[in-house]
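K.L.:
Have a look at this one before I ask anything.
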Amino acid sequence: MKIIKNRILYIVSIWGAMGMGNIQAQMLEHSARSNLANAGVYYGKLSNGFSYYIKPVKGYHGKTAMELVVRAGATFQAEDQLDMAHFLEHMPLVHTGHFVNILKNTTLLSDLKMQIKDIRGRTGGDRTVFSFDHMADNTKALDTGLLFFKDIASGKIVFDKKDVDGERGAFFQEYVAIRNANHDNTIKAISKLSNAIKGYIPPQKYHQYIQQFKIRPLQRFYKQWYHPDRMAVLLTGDIKEVRVMVQKIKNTFGAIPQHGKAPEYVDFKEEYLQREHQWVCFKDVFNTTQKQWSMQFFLRKLPHRYKGAPEIVYEWLDELLLTVMKKRINEALTGYQQPYQVVAGSASFLPAIKITVNTSAAYKKQAVQKAFGVVNGLRENGVTNKEWESTKKMLLERWNTEDTLHTQYWMRKMEDDFVRHRRAWGDTLTLAKKYVSELTSQTFNSFIKHSLPKGPQDIVVIVPVHDQGGRVNDQMIRNWVQTADTLRPAAKQNRTVKPLLANEDKAKLREQKYKDMGVDALGAHTYVLHNGVRLIVKSFLPAAGRYQHKVMLHGFTPFGAMNLPKEDFYNAVLAPEMIRYSGAGGWNKFELEKKLDTTALAYNMRCYIEAYESGIKAEIEEKNLETALQLIYLYTAKPRWDTVAFEAWKKQEYKGFVNSYGSVRMQNDFLNGVQQQLGAFPPLRNSSLRWEVVKGLEMQKAFDAYKVVLQNPEHFTFIVTGNYDLKKALPLLIKYLGNIPVADNNSLSLLANSRKPQSPKTPYKKRFISKMPVENVYVHQTYLRPHHQGFNRKDQLAYQLLTYILNTKIQDLRYQKKRGVYLSGARYVRNIPEGYQFINLIVKCERKDMALVENDLFEMVNTLKKNGVSKEMFTEAMQSYMIPLYSSASLNRNLRVQRQLYEHYRYQLPWYNQSEINQSILNLNRDSIPAMAKKYLRTNFLMDFTAQSDTAF
């Protein structure tokens, strides 16, 4: 321990010397917080304890992200306040001193140039966060957001019985949407292991609880914890006048009085760490189809690990430890015949490492001993030098590649600084990087030895409700742990690292001739390769967005499952998943994932076969382009035939099916039924249809279907977009894509013209009844419209505008009509191959509201046809959605450019011309909304679907 102690003291001494560098803070009379000032963050605390953080980020889309953070969440609740922290988060959106149903105030949103999604809330264990994002130069939006936050901070949330009762149904629907067996069992286990969650209520009684809880505990939570000294406002983005911002914050929040003193918070983590070892065992009554045992082992993070050093250093060490542990577990369980699963991670809420073992009753002991064989190996032998350097490099690379210009990066940092006092930025982060980069495997192994106990302090066993696999007890399982062998990592032989593409395969790759077809109107360059592949490349600097720094590749062919005999449709659409589970070339799935571990290509590349198209998509870092192209070559030229992998894949599909929670299966069964009426679609995962298809899948036919469709280079087009070096990339693209072979020796052949399904019959009405116990119902109304004359921009713009308006109006069901709905909205879909497009109105609601909701939707559409929309709603739709959607910045994002090229070369749709688009948007007007609604929302084209369970929960 001597080495690690010396390093920690070094860190501490430097941190102590950092307290003087607060020049920026002093300029604005801020507290001396040098780590903030050095990161360019302006911090201050008002006389009543209210805090603020301001971080200017130059040029961030002209937007300001703004949050009110309350240092209180789910773990602050008393016995009679279960989920009151979360319910309280809902209430400001319903009613405060100055705002009623703020999300439905279209006049206000239009005036502020904001969207519904800009105002939101979220609740965690230790915090509640309210967001009010707006354009940076919009002073009125800023002032309105600060007033909204002031209402919350100054005791002006309104708790009228009508408002609270009106939100109960929506709150319960949110619970149903996020809940599953794992979620409920986790909450139940935590409530038994600690005081983090108090007053656990089983799912069978939860609906009654939400409908009947008294308002007083909700109000009491608000008064107890929403105090100025427990709150902070956070701002980041395109902020220019910091002094003005600070003064506004002082004027808004400075006079809020302290209404009493918050209760003394009892740290449940400290109490948990001091408990005796614990044993919890219960049956999984929540998911009656579950057949696996779940055994959870908690290794507590004891206080001595943090003594004498900033906690943040140890949290990073914990992350490194978990990374190594996960890799060791994956290596120990590599193979297709594993009858159990082991997962390691940080425990929810609790200061502990959690190791979960999922297994059938027959393999309980074997699975537990395998898991703790890995733990024993780490504790007793530590990591190898090579293993350590690889893990350390991964963490340092992640730190170095974080997008520090993104508002969410700074919000996360500022939140953690305020709530958890984490100093993970500025000079602190620089020193942490230095510490980790210099940390040796010997020092890290000493940390591991003192971090991993010889056995878990706490054990939770969750037994399938119908299982007869025999009883277990605390002593029995702890004995399994104690007698587990020590597993060491597989010995590395001194040999040359095996290349992804074998040398004999590389030797077959001939230099290919190609034709240069010139540059198109969008600036994309087209080449036709020797084997017929059409290659379209566009190297450019994309606008900011998720894929800005990625190379996006999409290869496609207009042949799909409908170009095969009818009986081979499902064999074809599921073939890519079967192949993915098998691997490619000389690599099985597990070897491939390990080989590609540092590239993420194992997860960011997928082949697909749809009804009318097949292809491959990938998101690639430029440095990994050749590796990605080699993988594409292997997936197309050398798909792996592996009967063991095929049977293992079917077992995985079965596990996913039988272990899926009832509402998930009912939803997917329902959507499969909807899709079957709309066209030819693959079955959704974890659905009854999917499992029936997988059971009957013929491996040889699926394999042949895969090859005949994807080994078809003369009909393939590859589009490659992003900011990459075209001179370096082009030879690689030609080399690998130009050598994709043509399928041979295949029992299947492609039909030149795809089979066409029957057109959807409209009007149509269908009721689905599920025998799965589900607590809500689904209403799914589809307004379909055939397009025999093709698709045009005018139709698309009209559809998108109507969809946004309908999506906004659907929120009225919750906030104005007080229906029990959540996660509902409108969605626009274009089915170009089958020649129609449609708008889906999708609502999940309480059973008692189903008939009302159906009628609400009909009424909403009819009102739109008759009266159109208000001026405020139309303005809000245009300013917040349509204009930003077709702005030059939006159209220049990597994904949009990729999509436009695809639609042009796949379906011959016209280019977006910015001036023409601008004119088309200007031509949209409020007076035309009734005519649009009558044209695109015709009752004779309505498909009306509903689903509900006939079994009580």
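Numbering starts fresh at 1 for the residues of each chain in the structure tokens, the chains themselves are lettered A, B, ... in the order given, and ligands are numbered from 1 as they appear.
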If you count only C-alpha atoms, which residues fall within 8 Å of segment 508-522 of chain A, apart from same-chain ones fewer than 6 positions away, as a PyMOL selection string?
P.N.:
chain A and resi 528-530+734-736+738-739+911
K.L.:
I need the residues from that last selection saved to file as a PDB file, in the first residue's frame (with C-alpha atoms), if you can.
P.N.:
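In the end it all went to out19.pdb:
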ATOM      1  CA  VAL A 528     -18.706   2.146 -60.631  1.00  0.00           C
ATOM      2  CA  LEU A 529     -16.431  -0.709 -59.565  1.00  0.00           C
ATOM      3  CA  HIS A 530     -15.384  -3.725 -61.614  1.00  0.00           C
ATOM      4  CA  ILE A 734     -12.364   0.162 -54.049  1.00  0.00           C
ATOM      5  CA  LYS A 735     -10.166  -2.661 -52.772  1.00  0.00           C
ATOM      6  CA  TYR A 736     -12.645  -4.275 -50.407  1.00  0.00           C
ATOM      7  CA  GLY A 738     -14.777  -4.155 -55.414  1.00  0.00           C
ATOM      8  CA  ASN A 739     -14.058  -7.738 -54.370  1.00  0.00           C
ATOM      9  CA  TRP A 911     -32.560  16.795 -54.095  1.00  0.00           C
TER      10      TRP A 911
END
K.L.:
Distance table requested - segment 167-224 of chain A against segment 75-91 of chain A, cut-off 6 Å, only C-alpha atoms: one row per qualifying residue with the closest atom pair and its distance in Å to one decimal, ordered by chain and rising residue number, as a tab-separated table.
P.N.:
residue	atom	partner	partner_atom	distance
A:Ala196	CA	A:Thr75	CA	5.0
A:Ile197	CA	A:Thr75	CA	5.9
A:Lys198	CA	A:Glu79	CA	5.1
A:Gly199	CA	A:Glu79	CA	4.8
A:Pro217	CA	A:Gln81	CA	5.8
A:Leu218	CA	A:Met84	CA	5.5
K.L.:
Go through segment 335-448 of chain A and collect every residue that DSSP, computed from the backbone, puts in strand (DSSP E); the answer should be as a list in words.
P.N.:
Tyr340, Gln341, Val342, Val343, Ala344, Gly345, Ser346, Ala352, Ile353, Lys354, Ile355, Thr356, Val357, Asn358 and Thr359 of chain A
K.L.:
Of the candidates A:Met943, A:Leu823, A:Ile353, A:Met878, which one gets nearest to Val674 of chain A if we count only C-alpha atoms?
P.N.:
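Ranking A:Met943, A:Leu823, A:Ile353, A:Met878 by distance to Val674 of chain A, first place goes to A:Met943.
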K.L.:
Would you mind telling me which residue in A:Leu500, A:Ala752, A:Ser663, A:Phe132 lies nearest to Leu631 of chain A when using only C-alpha atoms?
P.N.:
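Answer, going by the shortest atom-to-atom distance: A:Leu500.
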K.L.:
Can you tell me, as a list in words, what residues are no more than 10 Å from Gly696 of chain A when counting only C-alpha atoms, ignoring any on the same chain fewer than 5 positions away?
P.N.:
Tyr570, Asn571 and Trp691 of chain A
K.L.:
By how many Å are atom CA of His466 of chain A and atom CA of Val342 of chain A apart?
P.N.:
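A separation of 22.5 Å between them.
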K.L.:
Separation of atom CA of Glu67 of chain A and atom CA of Arg120 of chain A, in Å?
P.N.:
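Taking atom CA of Glu67 of chain A and atom CA of Arg120 of chain A, their separation equals 9.6 Å.
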K.L.:
Select, from A:Ile832, A:Val644, A:Leu299, A:Leu733, the residue with the minimum atom-to-atom distance to Met578 of chain A, counting only C-alpha atoms.
P.N.:
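For Met578 of chain A, the nearest of the given residues is A:Val644.
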K.L.:
Hey, what's within 9 Å of Gly155 of chain A if we count only C-alpha atoms and toss same-chain stuff fewer than 4 positions away? As a list in words, please?
P.N.:
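Those residues are Thr96, Gly97, Lys150, Asp151, Tyr222, Lys223, Tyr226, His227 and His259 of chain A.
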K.L.:
Between atom CA of Gln219 of chain A and atom CA of Thr252 of chain A, what is the distance, to one decimal in Å?
P.N.:
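Computing the Euclidean distance for atom CA of Gln219 of chain A and atom CA of Thr252 of chain A yields 23.3 Å.
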K.L.:
Can you work out which one of A:Tyr881, A:Tyr661, A:Tyr612, A:Tyr836 has the shortest atom-to-atom distance to Asn753 of chain A, counting only C-alpha atoms?
P.N.:
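Selected residue with least distance to Asn753 of chain A: A:Tyr612.
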K.L.:
Can you work out which one of A:Arg755, A:Arg423, A:Lys261, A:Arg830 has the shortest atom-to-atom distance to Pro786 of chain A, counting only C-alpha atoms?
P.N.:
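For Pro786 of chain A, the nearest of the candidates is A:Arg830.
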